[in-house]
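Okay, entry.cif is below, mmCIF, C-alpha atoms:
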```cif
data_upload
#
loop_
_atom_site.label_atom_id
_atom_site.label_comp_id
_atom_site.auth_asym_id
_atom_site.auth_seq_id
_atom_site.Cartn_x
_atom_site.Cartn_y
_atom_site.Cartn_z
CA MET A 1 132.38 -72.75 301.56
CA ASP A 2 128.62 -72.16 301.58
CA ALA A 3 127.18 -70.09 298.76
CA VAL A 4 126.20 -66.57 299.74
CA ALA A 5 122.54 -65.85 299.01
CA GLU A 6 121.59 -62.81 296.99
CA PRO A 7 120.01 -59.97 299.02
CA PHE A 8 116.23 -60.37 299.24
CA ARG A 9 114.27 -58.32 296.75
CA ASP A 10 110.52 -58.10 296.37
CA PRO A 11 109.30 -60.15 293.39
CA LEU A 12 107.89 -58.65 290.23
CA ARG A 13 104.19 -57.88 290.57
CA LEU A 14 101.77 -57.88 287.64
CA ASN A 15 98.11 -56.92 287.89
CA GLY A 16 98.50 -56.72 291.67
CA ALA A 17 99.80 -60.28 292.10
CA ALA A 18 103.36 -61.18 293.12
CA LEU A 19 105.33 -63.53 290.90
CA PRO A 20 108.03 -65.11 293.08
CA ILE A 21 110.42 -67.25 291.04
CA VAL A 22 112.13 -70.45 292.13
CA GLY A 23 114.86 -71.35 289.65
CA ARG A 24 114.11 -69.83 286.26
CA ALA A 25 111.30 -67.62 284.98
CA ARG A 26 109.61 -69.13 281.92
CA VAL A 27 108.28 -66.53 279.48
CA TYR A 28 106.35 -67.12 276.27
CA VAL A 29 105.27 -64.37 273.89
CA CYS A 30 103.05 -64.81 270.86
CA GLY A 31 105.20 -64.17 267.79
CA ILE A 32 104.49 -62.96 264.30
CA THR A 33 102.97 -64.51 261.22
CA PRO A 34 106.00 -63.84 259.00
CA TYR A 35 104.52 -62.53 255.79
CA ASP A 36 104.46 -58.80 256.37
CA VAL A 37 106.50 -55.86 257.62
CA THR A 38 106.85 -55.06 261.34
CA HIS A 39 104.68 -52.19 262.59
CA LEU A 40 104.54 -50.21 265.82
CA GLY A 41 101.79 -52.41 267.25
CA HIS A 42 104.06 -55.44 266.94
CA ALA A 43 106.97 -53.51 268.43
CA SER A 44 105.02 -52.38 271.49
CA THR A 45 104.22 -55.97 272.52
CA TYR A 46 107.81 -57.14 272.11
CA LEU A 47 109.26 -54.08 273.85
CA TRP A 48 107.07 -54.67 276.92
CA THR A 49 108.02 -58.34 276.97
CA ASP A 50 111.67 -57.33 276.66
CA LEU A 51 111.25 -54.94 279.59
CA ALA A 52 109.70 -57.60 281.84
CA VAL A 53 112.65 -59.87 281.08
CA ARG A 54 115.16 -57.06 281.67
CA VAL A 55 113.57 -56.21 285.04
CA TRP A 56 113.80 -59.83 286.16
CA ARG A 57 117.38 -60.18 284.96
CA SER A 58 118.38 -56.88 286.59
CA VAL A 59 117.66 -58.39 290.01
CA GLY A 60 119.39 -61.68 289.29
CA VAL A 61 116.49 -63.86 288.09
CA ARG A 62 117.37 -66.37 285.37
CA VAL A 63 114.88 -66.05 282.53
CA GLU A 64 114.16 -68.25 279.53
CA VAL A 65 112.14 -66.68 276.74
CA ALA A 66 110.29 -68.38 273.89
CA ARG A 67 108.82 -66.38 271.01
CA ASN A 68 107.06 -68.44 268.39
CA ILE A 69 106.81 -68.07 264.63
CA THR A 70 103.35 -68.79 263.21
CA ASP A 71 104.49 -70.01 259.81
CA VAL A 72 101.42 -72.21 259.22
CA ASP A 73 98.57 -69.78 258.62
CA ASP A 74 95.91 -69.14 255.98
CA ALA A 75 96.88 -65.48 255.59
CA MET A 76 100.47 -66.44 254.88
CA PHE A 77 99.42 -69.13 252.40
CA ALA A 78 97.31 -66.50 250.62
CA GLU A 79 100.25 -64.09 250.50
CA ALA A 80 102.47 -66.83 249.09
CA ARG A 81 99.96 -67.47 246.31
CA ARG A 82 99.70 -63.73 245.63
CA VAL A 83 103.46 -63.31 245.17
CA GLY A 84 103.96 -66.69 243.49
CA MET A 85 106.44 -68.06 246.03
CA PRO A 86 106.53 -71.17 248.25
CA TYR A 87 105.02 -70.36 251.64
CA ASP A 88 108.17 -71.39 253.51
CA GLN A 89 110.24 -68.95 251.44
CA VAL A 90 107.79 -66.15 252.24
CA ALA A 91 108.12 -67.07 255.92
CA ALA A 92 111.93 -67.00 255.78
CA ILE A 93 111.97 -63.53 254.21
CA GLY A 94 109.44 -62.18 256.70
CA ARG A 95 111.28 -63.68 259.63
CA PHE A 96 114.58 -62.10 258.54
CA ALA A 97 112.96 -58.66 258.25
CA PHE A 98 111.31 -58.99 261.65
CA ASP A 99 114.53 -60.08 263.36
CA ARG A 100 116.36 -57.14 261.82
CA SER A 101 113.74 -54.68 263.12
CA MET A 102 113.79 -56.19 266.61
CA ALA A 103 117.59 -56.04 266.72
CA ALA A 104 117.51 -52.38 265.67
CA LEU A 105 115.12 -51.67 268.58
CA GLY A 106 117.39 -53.45 271.04
CA VAL A 107 114.93 -56.30 271.73
CA ARG A 108 117.06 -59.17 272.92
CA PRO A 109 116.63 -62.40 270.94
CA PRO A 110 114.64 -65.20 272.60
CA ASP A 111 116.24 -68.35 273.96
CA HIS A 112 113.75 -70.47 272.02
CA GLU A 113 112.00 -69.71 268.74
CA PRO A 114 109.64 -72.61 267.98
CA THR A 115 107.86 -72.59 264.64
CA ALA A 116 104.39 -73.89 263.89
CA ARG A 117 105.79 -75.82 260.93
CA ALA A 118 108.26 -77.72 263.14
CA SER A 119 105.58 -78.27 265.80
CA VAL A 120 103.01 -80.15 263.73
CA ILE A 121 103.81 -83.43 265.49
CA HIS A 122 103.21 -81.74 268.86
CA VAL A 123 99.81 -80.46 267.73
CA ILE A 124 98.95 -84.04 266.75
CA GLU A 125 100.04 -85.17 270.23
CA LEU A 126 97.89 -82.42 271.75
CA GLY A 127 94.90 -83.58 269.73
CA GLN A 128 95.44 -87.17 270.82
CA ALA A 129 95.65 -86.11 274.49
CA LEU A 130 92.43 -84.08 274.26
CA LEU A 131 90.59 -86.95 272.53
CA ALA A 132 91.80 -89.44 275.15
CA ALA A 133 90.62 -87.16 277.97
CA GLY A 134 87.18 -86.66 276.41
CA HIS A 135 87.76 -82.95 275.74
CA ALA A 136 87.71 -83.28 271.94
CA TYR A 137 85.84 -85.17 269.21
CA LEU A 138 86.57 -86.21 265.64
CA ARG A 139 84.38 -85.25 262.67
CA ASN A 140 85.32 -85.88 259.04
CA GLY A 141 89.05 -85.82 259.75
CA THR A 142 88.90 -82.65 261.89
CA VAL A 143 89.60 -82.77 265.62
CA TYR A 144 87.42 -80.27 267.49
CA ALA A 145 88.10 -79.31 271.11
CA ARG A 146 85.28 -78.43 273.48
CA THR A 147 86.23 -74.86 274.36
CA ARG A 148 82.96 -73.10 275.17
CA ASP A 149 84.29 -72.48 278.71
CA ALA A 150 87.04 -70.23 277.35
CA ALA A 151 84.62 -67.31 276.99
CA ALA A 152 83.65 -67.42 280.67
CA ARG A 153 87.33 -67.21 281.62
CA VAL A 154 87.47 -63.68 280.26
CA GLY A 155 83.95 -62.65 281.23
CA LEU A 156 82.34 -62.80 277.79
CA GLY A 157 78.75 -63.70 277.00
CA LEU A 158 77.91 -66.11 274.20
CA ASP A 159 76.95 -63.52 271.57
CA GLU A 160 80.08 -61.40 272.06
CA ALA A 161 82.30 -64.49 272.12
CA VAL A 162 80.80 -65.82 268.88
CA THR A 163 81.34 -62.44 267.21
CA LEU A 164 84.99 -62.37 268.25
CA ALA A 165 85.48 -66.00 267.20
CA ALA A 166 84.18 -65.14 263.73
CA GLU A 167 86.50 -62.11 263.51
CA PHE A 168 89.46 -64.42 264.20
CA ASN A 169 88.31 -66.94 261.55
CA ASP A 170 87.32 -69.63 264.05
CA ASP A 171 84.25 -70.33 261.88
CA PRO A 172 81.57 -70.63 264.60
CA LYS A 173 78.97 -71.42 261.90
CA ASP A 174 80.73 -74.66 260.95
CA PRO A 175 77.85 -77.22 261.05
CA HIS A 176 80.16 -80.04 262.14
CA ARG A 177 80.84 -78.46 265.55
CA ASP A 178 78.87 -79.43 268.62
CA ASP A 179 79.10 -75.82 269.83
CA PRO A 180 79.89 -72.60 267.93
CA LEU A 181 82.75 -71.89 270.35
CA ASP A 182 84.47 -75.24 269.84
CA VAL A 183 87.74 -74.88 267.90
CA ALA A 184 89.65 -77.02 265.45
CA VAL A 185 92.81 -78.48 266.93
CA TRP A 186 93.46 -80.30 263.64
CA ARG A 187 91.81 -79.12 260.43
CA ALA A 188 91.13 -81.72 257.76
CA GLY A 189 92.17 -80.84 254.23
CA GLY A 190 94.22 -82.00 251.29
CA SER A 191 93.05 -85.49 250.43
CA ASP A 192 95.21 -87.58 248.14
CA SER A 193 92.85 -86.84 245.24
CA SER A 194 92.98 -83.08 245.82
CA ILE A 195 96.76 -83.25 245.95
CA ARG A 196 96.86 -85.10 242.64
CA ASP A 197 94.31 -82.77 241.06
CA ALA A 198 96.29 -79.70 242.12
CA GLY A 199 99.45 -81.03 240.47
CA VAL A 200 101.52 -80.18 243.52
CA ARG A 201 105.23 -80.44 244.20
CA GLU A 202 106.60 -83.40 246.15
CA ALA A 203 106.19 -83.55 249.91
CA GLY A 204 108.60 -81.32 251.85
CA VAL A 205 111.25 -82.56 254.22
CA ASP A 206 108.80 -82.01 257.11
CA GLY A 207 106.14 -84.16 255.43
CA SER A 208 104.07 -81.19 254.25
CA ARG A 209 102.44 -80.95 250.86
CA ASP A 210 101.57 -77.74 249.05
CA ILE A 211 98.04 -78.20 247.75
CA GLY A 212 97.56 -74.97 245.87
CA GLN A 213 94.38 -73.08 246.72
CA SER A 214 93.64 -75.54 249.52
CA GLY A 215 96.77 -74.53 251.41
CA VAL A 216 99.29 -76.95 252.88
CA SER A 217 98.73 -80.30 254.57
CA TRP A 218 100.56 -82.85 256.70
CA PRO A 219 99.74 -86.50 257.39
CA SER A 220 98.07 -87.33 260.70
CA PRO A 221 96.25 -90.26 262.35
CA TRP A 222 93.01 -88.64 261.14
CA GLY A 223 94.09 -88.04 257.56
CA PRO A 224 95.86 -85.11 255.88
CA GLY A 225 95.33 -81.67 257.31
CA ARG A 226 97.02 -78.92 259.27
CA PRO A 227 97.05 -77.48 262.81
CA GLY A 228 94.58 -74.99 264.19
CA TRP A 229 96.04 -71.66 265.28
CA HIS A 230 95.23 -71.84 269.01
CA ALA A 231 96.50 -75.42 269.19
CA GLU A 232 99.80 -74.38 267.59
CA CYS A 233 100.66 -72.02 270.46
CA ALA A 234 99.50 -74.46 273.14
CA ALA A 235 101.64 -77.21 271.62
CA MET A 236 104.69 -74.99 271.24
CA VAL A 237 104.53 -73.85 274.88
CA LEU A 238 104.04 -77.40 276.19
CA ASN A 239 106.90 -78.76 274.11
CA THR A 240 109.26 -75.91 275.09
CA PHE A 241 108.50 -75.50 278.79
CA GLY A 242 106.30 -78.36 279.91
CA SER A 243 102.90 -77.98 281.53
CA GLY A 244 103.14 -74.37 282.71
CA ILE A 245 104.84 -71.00 282.35
CA ASP A 246 105.34 -68.01 284.62
CA LEU A 247 104.44 -65.25 282.15
CA HIS A 248 102.54 -65.29 278.88
CA ALA A 249 102.77 -62.10 276.82
CA GLY A 250 100.94 -60.90 273.73
CA GLY A 251 98.67 -58.17 272.44
CA GLU A 252 95.45 -57.45 274.34
CA ASP A 253 93.52 -58.10 271.13
CA LEU A 254 94.50 -61.78 271.51
CA ARG A 255 92.81 -62.08 274.92
CA PHE A 256 89.89 -63.89 273.29
CA PRO A 257 89.70 -66.22 271.58
CA HIS A 258 93.40 -66.95 271.24
CA HIS A 259 94.83 -66.71 274.76
CA ALA A 260 91.72 -68.03 276.48
CA VAL A 261 91.44 -71.02 274.16
CA GLU A 262 95.18 -71.73 274.10
CA SER A 263 95.33 -71.92 277.90
CA LEU A 264 92.20 -74.08 278.11
CA LEU A 265 93.57 -76.54 275.56
CA ALA A 266 96.85 -76.87 277.46
CA GLU A 267 95.20 -77.30 280.85
CA ARG A 268 92.77 -79.93 279.61
CA ALA A 269 95.51 -81.86 277.82
CA THR A 270 97.84 -81.94 280.84
CA GLY A 271 95.48 -81.64 283.81
CA VAL A 272 97.75 -78.88 285.19
CA ALA A 273 96.39 -75.42 285.99
CA PRO A 274 97.05 -72.60 285.67
CA PHE A 275 98.78 -72.84 282.31
CA ALA A 276 100.19 -69.33 282.83
CA ARG A 277 100.73 -67.78 286.27
CA ALA A 278 100.46 -64.27 284.84
CA TRP A 279 99.53 -62.53 281.59
CA LEU A 280 101.06 -59.44 280.00
CA GLN A 281 98.39 -58.47 277.46
CA VAL A 282 99.75 -55.25 276.05
CA GLY A 283 97.40 -52.44 275.05
CA SER A 284 96.87 -51.86 271.34
CA VAL A 285 98.50 -49.06 269.37
CA ARG A 286 95.85 -47.09 267.48
CA VAL A 287 95.56 -44.43 264.83
CA ASP A 288 92.59 -42.09 265.32
CA GLY A 289 91.13 -44.54 267.81
CA ILE A 290 91.39 -47.57 265.49
CA ARG A 291 93.86 -50.39 266.13
CA MET A 292 96.70 -50.62 263.62
CA SER A 293 96.10 -53.41 261.11
CA LYS A 294 97.22 -54.31 257.64
CA SER A 295 93.65 -54.66 256.39
CA LEU A 296 92.90 -51.02 257.28
CA GLY A 297 96.17 -49.71 255.85
CA ASN A 298 96.86 -47.59 258.94
CA LEU A 299 100.26 -49.02 259.84
CA THR A 300 103.26 -47.12 261.13
CA LEU A 301 106.28 -49.21 260.21
CA VAL A 302 109.16 -49.67 262.63
CA ASP A 303 111.80 -49.30 259.93
CA ASP A 304 110.27 -46.00 258.81
CA LEU A 305 110.31 -44.68 262.37
CA LEU A 306 113.94 -45.71 262.81
CA ASP A 307 114.86 -43.76 259.69
CA ARG A 308 113.72 -40.59 261.49
CA HIS A 309 114.26 -41.30 265.20
CA THR A 310 116.66 -43.13 267.48
CA PRO A 311 115.85 -46.62 268.79
CA ALA A 312 115.84 -45.16 272.33
CA ALA A 313 113.12 -42.70 271.35
CA VAL A 314 110.92 -45.41 269.84
CA ARG A 315 111.47 -47.63 272.91
CA LEU A 316 110.51 -44.86 275.32
CA LEU A 317 107.51 -43.87 273.17
CA CYS A 318 106.09 -47.37 273.72
CA LEU A 319 107.18 -47.83 277.33
CA ALA A 320 106.45 -44.47 278.98
CA ARG A 321 102.88 -45.46 279.86
CA ARG A 322 100.94 -48.27 281.56
CA TRP A 323 101.40 -51.51 279.64
CA GLN A 324 97.67 -52.34 279.80
CA ASP A 325 96.52 -49.13 278.12
CA ALA A 326 95.65 -48.77 274.46
CA TRP A 327 97.04 -45.55 273.00
CA ASP A 328 96.98 -43.44 269.86
CA TYR A 329 100.15 -42.90 267.90
CA HIS A 330 101.01 -39.36 266.80
CA GLU A 331 104.32 -38.52 265.15
CA SER A 332 104.47 -35.31 267.19
CA ALA A 333 104.69 -37.36 270.41
CA LEU A 334 108.22 -38.39 269.48
CA THR A 335 109.41 -34.80 269.86
CA GLY A 336 108.31 -34.81 273.50
CA VAL A 337 109.87 -38.24 274.01
CA GLU A 338 113.20 -37.02 272.64
CA ASP A 339 113.09 -34.05 275.01
CA THR A 340 112.45 -36.43 277.94
CA LEU A 341 115.38 -38.58 276.85
CA ASP A 342 117.67 -35.54 276.82
CA GLN A 343 116.52 -34.64 280.36
CA LEU A 344 117.13 -38.22 281.51
CA TYR A 345 120.65 -38.28 280.09
CA VAL A 346 121.43 -34.98 281.80
CA ALA A 347 119.99 -36.28 285.08
CA ALA A 348 122.17 -39.38 284.83
CA GLY A 349 125.26 -37.18 284.92
CA ARG A 350 124.35 -35.55 288.24
CA ALA A 351 126.15 -36.69 291.37
CA ARG A 352 123.93 -38.23 294.02
CA SER A 353 124.84 -39.85 297.32
CA ALA A 354 122.43 -42.28 298.95
CA PRO A 355 122.63 -45.79 300.44
CA ASP A 356 121.01 -47.30 297.33
CA PRO A 357 120.10 -44.52 294.89
CA ALA A 358 118.70 -46.96 292.33
CA ALA A 359 116.38 -48.74 294.81
CA PRO A 360 113.30 -46.52 294.25
CA VAL A 361 113.61 -46.98 290.47
CA ASP A 362 113.91 -50.74 290.87
CA ALA A 363 110.91 -50.80 293.19
CA ALA A 364 108.75 -48.91 290.69
CA LEU A 365 109.70 -51.22 287.84
CA ARG A 366 108.99 -54.32 289.93
CA ASP A 367 105.57 -52.89 290.77
CA ASP A 368 103.61 -53.71 287.61
CA LEU A 369 106.39 -52.39 285.35
CA ASP A 370 105.49 -48.85 286.38
CA VAL A 371 107.70 -46.95 283.94
CA PRO A 372 105.99 -43.55 284.40
CA ARG A 373 106.72 -43.64 288.16
CA ALA A 374 110.26 -44.92 287.64
CA LEU A 375 110.87 -42.17 285.07
CA ALA A 376 109.60 -39.44 287.41
CA ILE A 377 111.87 -40.74 290.20
CA ALA A 378 114.89 -40.93 287.89
CA LEU A 379 114.40 -37.41 286.55
CA ASP A 380 114.00 -36.02 290.06
CA SER A 381 116.81 -37.91 291.78
CA GLY A 382 119.27 -38.18 288.90
CA GLY A 383 122.59 -39.92 289.30
CA ALA A 384 122.61 -43.69 289.75
CA GLY A 385 118.81 -43.89 289.70
CA ALA A 386 118.67 -42.30 286.26
CA ARG A 387 121.52 -44.48 285.04
CA ARG A 388 119.72 -47.55 286.33
CA LEU A 389 116.56 -46.65 284.41
CA ILE A 390 118.52 -46.00 281.22
CA ASP A 391 120.14 -49.42 281.56
CA VAL A 392 117.02 -51.46 282.35
CA LEU A 393 114.86 -49.73 279.72
CA GLY A 394 117.60 -50.18 277.10
CA LEU A 395 117.93 -46.49 276.38
CA ALA A 396 121.71 -46.21 276.23
#
```
Have the structure of the file written as structure tokens, please.
Amino acid sequence: MDAVAEPFRDPLRLNGAALPIVGRARVYVCGITPYDVTHLGHASTYLWTDLAVRVWRSVGVRVEVARNITDVDDAMFAEARRVGMPYDQVAAIGRFAFDRSMAALGVRPPDHEPTARASVIHVIELGQALLAAGHAYLRNGTVYARTRDAAARVGLGLDEAVTLAAEFNDDPKDPHRDDPLDVAVWRAGGSDSSIRDAGVREAGVDGSRDIGQSGVSWPSPWGPGRPGWHAECAAMVLNTFGSGIDLHAGGEDLRFPHHAVESLLAERATGVAPFARAWLQVGSVRVDGIRMSKSLGNLTLVDDLLDRHTPAAVRLLCLARRWQDAWDYHESALTGVEDTLDQLYVAAGRARSAPDPAAPVDAALRDDLDVPRALAIALDSGGAGARRLIDVLGLA
């Protein structure tokens, strides 16, 4: 007997472009550097990614999600030195706390969770591919990629791009680079003599060596060193999904240099473009107009919020807006969100007869994840439409 096709539904649209899927939808979201607590800015990105996946799955699309762990990072090495613990132990503790917070918020776990530490070999392969294609060069054990074009991809001039590169520790003043916007795919560091002088522990099971103040290194064809941040994500995506993905998610603050450089590295290594068919770059969460960050000490922690409010309230606080927009967090906003939730639950209990009462809600969500419109429809129509929204947004 022939298989019966699913009823046709319009594809998800993001930023005005349709994303029809053949087979599975491949989703990658930039994960955490696991050395700190989870704050509302983190949560907002992962809640929006979770919603995109839920919308796809609600209409029968098979989705595979990868969320990486950046467990090779200077900030994490510094935190490990501060607390006097091995960096991998710091990462394990941070990862456990993050997973617990995400589970409490109802964020479904990813299908793949690649780590930078386990992906070192793939960064080396990426570096070799870029060198072979003439898109990278070797200086003093460091592999630099030619990535000046990444700024033009996001409409940035040279001066603004250099400023942002410096803010993200890309070191544009490094005299060994051909161009200030070139990035290190592989960073030299940790010679045999420095390892001996530091009196380090034996090499780890993954080949890494802890070299004290110099960080951590792995062997490579170019000598000991460690991966560059942008190359880590490019390598993890390529190893997990191949040469391209359907949706790449992350915070809008990562638009440049990270996302722009990551995609350029992948495309130049594989010759396949675009690297990502669509981007979900979620607006920042701010306090008094300033983005939440550990360095400024203006964080609102997820676990603290969940001590005072339900997971459904925190989810709706983040999702009841346009995903692109930055927004200011105020504790008082949660009172209004809880009132809206009560109205939605009441609306869900109303009887409603229509050929497909959930269809307008589905259509709004497929149209750029338009939660405000879907919420207005659900509150007005009630019944199955409201129940559908509660289910897809994870508000039950």
**Request:** Please provide the set of residues having any atom within 8 Å of range 157-168 of chain A, restricted to all atoms listed in the file, with same-chain residues fewer than 2 positions apart removed, written as a PyMOL selection string.
**Result:** chain A and resi 151-152+155+170-172+180-181+256-257
Could you list, as a PDB file with C-alpha atoms, in the coordinates of the input, every residue within 8 Å of Cys233 in chain A, counting only C-alpha atoms and ignoring same-chain residues fewer than 2 positions away?
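And here's out-v6.pdb as it stands now:
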```
ATOM      1  CA  CYS A  30     103.050 -64.810 270.860  1.00  0.00           C
ATOM      2  CA  ASN A  68     107.060 -68.440 268.390  1.00  0.00           C
ATOM      3  CA  ALA A 116     104.390 -73.890 263.890  1.00  0.00           C
ATOM      4  CA  TRP A 229      96.040 -71.660 265.280  1.00  0.00           C
ATOM      5  CA  HIS A 230      95.230 -71.840 269.010  1.00  0.00           C
ATOM      6  CA  ALA A 231      96.500 -75.420 269.190  1.00  0.00           C
ATOM      7  CA  ALA A 235     101.640 -77.210 271.620  1.00  0.00           C
ATOM      8  CA  MET A 236     104.690 -74.990 271.240  1.00  0.00           C
ATOM      9  CA  VAL A 237     104.530 -73.850 274.880  1.00  0.00           C
ATOM     10  CA  GLU A 262      95.180 -71.730 274.100  1.00  0.00           C
TER      11      GLU A 262
END
```
**the PyMOL selection byres ((chain A and resi 285) around 6) applied to the shown file, residues as a count of residues only** = 7
Cut-off 6 Å: closest range 313-357 of chain A/range 374-384 of chain A atom pairs per residue, using all atoms listed in the file, as a tab-separated table:
```
residue	atom	partner	partner_atom	distance
A:Leu344	CA	A:Leu379	CA	5.8
A:Ala347	CA	A:Gly382	CA	4.3
A:Ala348	CA	A:Gly383	CA	4.5
A:Gly349	CA	A:Gly383	CA	5.8
A:Arg350	CA	A:Gly383	CA	4.8
A:Ala351	CA	A:Gly383	CA	5.2
A:Arg352	CA	A:Gly383	CA	5.2
A:Pro357	CA	A:Ala384	CA	5.8
```
**CA of Ile93 in chain A to CA of His122 in chain A, straight-line distance in Å** = 25.0 Å
**Item:** Atomic distance CA of Ala97 in chain A - CA of Arg315 in chain A, expressed in Å with one decimal
**Value:** 18.4 Å
**Asked** For the atom pair CA of Leu280 in chain A and CA of Val314 in chain A, what is the interatomic distance in Å to one decimal place?
**Response**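 Interatomic distance, CA of Leu280 in chain A to CA of Val314 in chain A: 19.9 Å.
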At most 12 Å is the cut-off: for each residue in range 217-304 of chain A with any atom that close to an atom of range 10-25 of chain A, write down the nearest atom pair and the distance in Å rounded to one decimal, counting all atoms listed in the file, chain first then increasing number, as a tab-separated table.
```
residue	atom	partner	partner_atom	distance
A:Phe241	CA	A:Ala25	CA	10.4
A:Gly244	CA	A:Ala25	CA	10.8
A:Ile245	CA	A:Ala25	CA	7.8
A:Asp246	CA	A:Ala25	CA	6.0
A:Leu247	CA	A:Ala25	CA	7.8
A:His248	CA	A:Ala25	CA	10.9
A:Ala249	CA	A:Leu14	CA	11.7
A:Ala276	CA	A:Leu19	CA	11.2
A:Arg277	CA	A:Leu19	CA	7.8
A:Ala278	CA	A:Leu14	CA	7.1
A:Trp279	CA	A:Leu14	CA	8.0
A:Leu280	CA	A:Leu14	CA	7.8
A:Gln281	CA	A:Asn15	CA	10.5
```
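Neighbouring residues of Pro372 in chain A at 12 Å or closer, counting only C-alpha atoms and skipping chain neighbours under 5 positions away, are Leu316, Leu317, Cys318, Leu319, Ala320, Arg321, Arg322, Trp323, Thr340, Val361, Ala364, Leu365, Asp367, Ile377, Ala378, Leu379, Leu389 and Leu393 of chain A.
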**Request:** List the neighbours of His42 in chain A out to 10 Å using all atoms listed in the file; skip same-chain residues closer than 4 positions along the sequence, and give me the result as a PyMOL selection string.
**Result:** chain A and resi 31-32+37-38+46-47+98+102+250-251+284-285+292+301-302
Range 47-52 of chain A from the block above: all heavy atoms written as a PDB file, in the first residue's frame:
```pdb
ATOM      1  N   LEU A  47      15.713  29.303  24.484  1.00  0.00           N
ATOM      2  CA  LEU A  47      14.253  29.193  24.411  1.00  0.00           C
ATOM      3  C   LEU A  47      13.760  29.459  22.988  1.00  0.00           C
ATOM      4  O   LEU A  47      12.853  28.775  22.496  1.00  0.00           O
ATOM      5  CB  LEU A  47      13.594  30.150  25.399  1.00  0.00           C
ATOM      6  CG  LEU A  47      13.671  29.718  26.866  1.00  0.00           C
ATOM      7  CD1 LEU A  47      13.241  30.852  27.786  1.00  0.00           C
ATOM      8  CD2 LEU A  47      12.812  28.479  27.116  1.00  0.00           C
ATOM      9  N   TRP A  48      14.339  30.439  22.308  1.00  0.00           N
ATOM     10  CA  TRP A  48      13.931  30.708  20.927  1.00  0.00           C
ATOM     11  C   TRP A  48      14.335  29.565  20.005  1.00  0.00           C
ATOM     12  O   TRP A  48      13.583  29.189  19.096  1.00  0.00           O
ATOM     13  CB  TRP A  48      14.525  32.026  20.441  1.00  0.00           C
ATOM     14  CG  TRP A  48      13.714  33.214  20.858  1.00  0.00           C
ATOM     15  CD1 TRP A  48      14.039  34.165  21.778  1.00  0.00           C
ATOM     16  CD2 TRP A  48      12.413  33.568  20.368  1.00  0.00           C
ATOM     17  NE1 TRP A  48      13.024  35.082  21.901  1.00  0.00           N
ATOM     18  CE2 TRP A  48      12.016  34.743  21.041  1.00  0.00           C
ATOM     19  CE3 TRP A  48      11.554  33.003  19.433  1.00  0.00           C
ATOM     20  CZ2 TRP A  48      10.788  35.362  20.800  1.00  0.00           C
ATOM     21  CZ3 TRP A  48      10.330  33.620  19.185  1.00  0.00           C
ATOM     22  CH2 TRP A  48       9.960  34.794  19.867  1.00  0.00           C
ATOM     23  N   THR A  49      15.509  29.000  20.230  1.00  0.00           N
ATOM     24  CA  THR A  49      15.913  27.842  19.426  1.00  0.00           C
ATOM     25  C   THR A  49      14.963  26.681  19.680  1.00  0.00           C
ATOM     26  O   THR A  49      14.528  25.988  18.742  1.00  0.00           O
ATOM     27  CB  THR A  49      17.353  27.430  19.768  1.00  0.00           C
ATOM     28  OG1 THR A  49      18.215  28.564  19.645  1.00  0.00           O
ATOM     29  CG2 THR A  49      17.842  26.328  18.849  1.00  0.00           C
ATOM     30  N   ASP A  50      14.632  26.465  20.940  1.00  0.00           N
ATOM     31  CA  ASP A  50      13.687  25.406  21.309  1.00  0.00           C
ATOM     32  C   ASP A  50      12.341  25.620  20.629  1.00  0.00           C
ATOM     33  O   ASP A  50      11.705  24.672  20.152  1.00  0.00           O
ATOM     34  CB  ASP A  50      13.532  25.399  22.834  1.00  0.00           C
ATOM     35  CG  ASP A  50      12.653  24.272  23.347  1.00  0.00           C
ATOM     36  OD1 ASP A  50      13.008  23.099  23.118  1.00  0.00           O
ATOM     37  OD2 ASP A  50      11.628  24.570  23.983  1.00  0.00           O
ATOM     38  N   LEU A  51      11.897  26.884  20.551  1.00  0.00           N
ATOM     39  CA  LEU A  51      10.611  27.161  19.916  1.00  0.00           C
ATOM     40  C   LEU A  51      10.667  26.853  18.421  1.00  0.00           C
ATOM     41  O   LEU A  51       9.719  26.253  17.870  1.00  0.00           O
ATOM     42  CB  LEU A  51      10.205  28.616  20.137  1.00  0.00           C
ATOM     43  CG  LEU A  51       8.897  29.011  19.444  1.00  0.00           C
ATOM     44  CD1 LEU A  51       7.729  28.167  19.944  1.00  0.00           C
ATOM     45  CD2 LEU A  51       8.608  30.490  19.614  1.00  0.00           C
ATOM     46  N   ALA A  52      11.734  27.256  17.743  1.00  0.00           N
ATOM     47  CA  ALA A  52      11.841  26.958  16.310  1.00  0.00           C
ATOM     48  C   ALA A  52      11.753  25.453  16.066  1.00  0.00           C
ATOM     49  O   ALA A  52      11.061  24.993  15.141  1.00  0.00           O
ATOM     50  CB  ALA A  52      13.150  27.520  15.756  1.00  0.00           C
TER      51      ALA A  52
END
```
